[in-house]
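Everything below belongs to model00.cif, which stores mmCIF, C-alpha atoms.
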```
data_start
loop_
_atom_site.label_atom_id
_atom_site.label_comp_id
_atom_site.auth_asym_id
_atom_site.auth_seq_id
_atom_site.Cartn_x
_atom_site.Cartn_y
_atom_site.Cartn_z
CA MET A 875 0.00 0.00 0.00
CA LEU A 876 1.16 3.50 -0.79
CA ILE A 877 2.01 5.37 2.40
CA ASN A 878 3.15 9.00 2.18
CA PRO A 879 3.26 12.07 4.37
CA ILE A 880 0.40 14.41 3.41
CA SER A 881 2.38 17.60 3.99
CA ASN A 882 5.24 19.10 5.94
CA GLN A 883 2.80 20.96 8.18
CA THR A 884 1.28 17.95 9.91
CA SER A 885 2.50 15.81 12.76
CA PHE A 886 1.36 12.62 11.06
CA LYS A 887 4.18 10.25 10.15
CA ALA A 888 2.42 8.34 7.40
CA VAL A 889 -0.98 8.55 5.78
CA ASN A 890 -2.40 5.89 3.50
CA GLN A 891 -3.18 7.86 0.37
CA LYS A 892 -5.78 5.37 -0.90
CA TYR A 893 -7.99 5.84 2.16
CA TYR A 894 -7.23 9.53 2.56
CA GLN A 895 -8.24 10.27 -1.05
CA TRP A 896 -11.33 8.05 -0.69
CA ALA A 897 -12.44 10.04 2.37
CA LYS A 898 -11.56 13.36 0.76
CA LYS A 899 -13.68 12.53 -2.28
CA ASP A 900 -16.64 11.46 -0.11
CA ILE A 901 -16.37 14.66 1.91
CA GLU A 902 -16.10 16.86 -1.20
CA TYR A 903 -19.28 15.31 -2.62
CA GLY A 904 -21.02 15.72 0.73
CA ILE A 905 -22.14 12.10 0.86
CA GLY A 906 -20.65 11.35 4.25
CA LEU A 907 -17.95 8.89 5.08
CA SER A 908 -19.03 5.40 4.20
CA GLY A 909 -19.00 2.52 6.61
CA GLU A 910 -17.23 0.64 3.83
CA LEU A 911 -14.20 2.92 4.21
CA PHE A 912 -13.95 2.28 7.94
CA THR A 913 -14.58 -1.44 7.54
CA GLN A 914 -11.82 -1.70 4.93
CA ILE A 915 -9.34 0.07 7.21
CA GLU A 916 -10.27 -2.26 10.08
CA MET A 917 -9.87 -5.34 7.87
CA ASP A 918 -6.49 -4.19 6.54
CA VAL A 919 -5.24 -3.69 10.08
CA CYS A 920 -6.70 -7.01 11.24
CA TRP A 921 -5.05 -8.90 8.35
CA LYS A 922 -1.81 -6.95 8.81
CA ASP A 923 -2.01 -5.31 5.38
CA LEU A 924 -1.85 -1.91 7.08
CA HIS A 925 0.19 -1.13 10.18
CA PRO A 926 -2.00 0.09 13.06
CA GLN A 927 0.02 3.31 13.47
CA ASP A 928 -0.38 4.10 9.77
CA ALA A 929 -4.13 3.52 10.11
CA ILE A 930 -4.24 5.83 13.13
CA ASP A 931 -2.30 8.52 11.26
CA THR A 932 -4.66 8.15 8.30
CA LEU A 933 -7.77 8.37 10.49
CA GLU A 934 -6.40 11.41 12.33
CA ALA A 935 -5.71 13.11 8.97
CA ILE A 936 -9.24 12.31 7.81
CA LYS A 937 -10.61 13.65 11.08
CA LYS A 938 -9.01 17.04 10.33
CA ILE A 939 -10.89 17.42 7.03
CA MET A 940 -14.28 15.96 7.92
CA PRO A 941 -17.21 17.97 9.27
CA PRO A 942 -17.42 17.71 13.07
CA ASP A 943 -20.95 16.31 13.09
CA TRP A 944 -20.06 13.19 11.07
CA LYS A 945 -19.73 10.02 13.15
CA GLY A 946 -18.07 6.62 12.81
CA LEU A 947 -14.41 7.53 12.77
CA GLU A 948 -13.93 7.29 16.54
CA ILE A 949 -15.22 3.70 16.63
CA THR A 950 -12.72 2.66 13.98
CA LEU A 951 -9.95 4.58 15.73
CA ASP A 952 -10.64 2.75 19.01
CA TYR A 953 -10.68 -0.60 17.18
CA VAL A 954 -7.35 0.04 15.43
CA LYS A 955 -5.65 1.10 18.68
CA LYS A 956 -6.21 -2.42 20.04
CA PHE A 957 -3.68 -3.70 17.50
CA LEU A 958 -0.83 -1.47 18.64
CA PRO A 959 2.06 -3.34 20.27
#
```
Can you turn what I pasted into structure tokens?
Amino acid sequence: MLINPISNQTSFKAVNQKYYQWAKKDIEYGIGLSGELFTQIEMDVCWKDLHPQDAIDTLEAIKKIMPPDWKGLEITLDYVKKFLP
């Protein structure tokens, strides 16, 4: 999976561009963040296709661009944190 910093101005070490762009597109179209996005992140972490810290960094980056009244991200964030060493 492609993992890159999103900019020099953030404190995130790595952000998965696939999921970040997916979320960004959903937010731009105003359709809300899909449960499919969060489920896919959880599955990738569970199957070790995505490191938990990278998932956390990605979710934190998404959190910065999403409207504050949208829900679901925190549940995925809590789930991913269980996989940290």
Exercise for the section: Name all residues at most 7 Å from region 924-938 of chain A (count only C-alpha atoms; drop same-chain ones fewer than 5 positions away) and give them as a VMD selection string. Expected result: chain A and resid 886 to 890 894 897 915 918 to 919 951 954 to 955 957 to 958
Problem - Distance criterion (only C-alpha atoms): nearest to Ile905 (chain A) out of A:Ile949, A:Lys956, A:Trp944, A:Tyr893 - result: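 The answer is A:Trp944, which sits nearest to Ile905 (chain A).
We find CA of Glu916 (chain A) and CA of Thr950 (chain A) to be spaced 6.7 Å apart.
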Completion exercise
The distance between CA of Asp923 (chain A) and CA of Gly904 (chain A) is 28.7 Å
Practice task
Provide the CA of Glu948 (chain A) to CA of Phe912 (chain A) distance in Å, to one decimal place.
Solution key: 10.0 Å
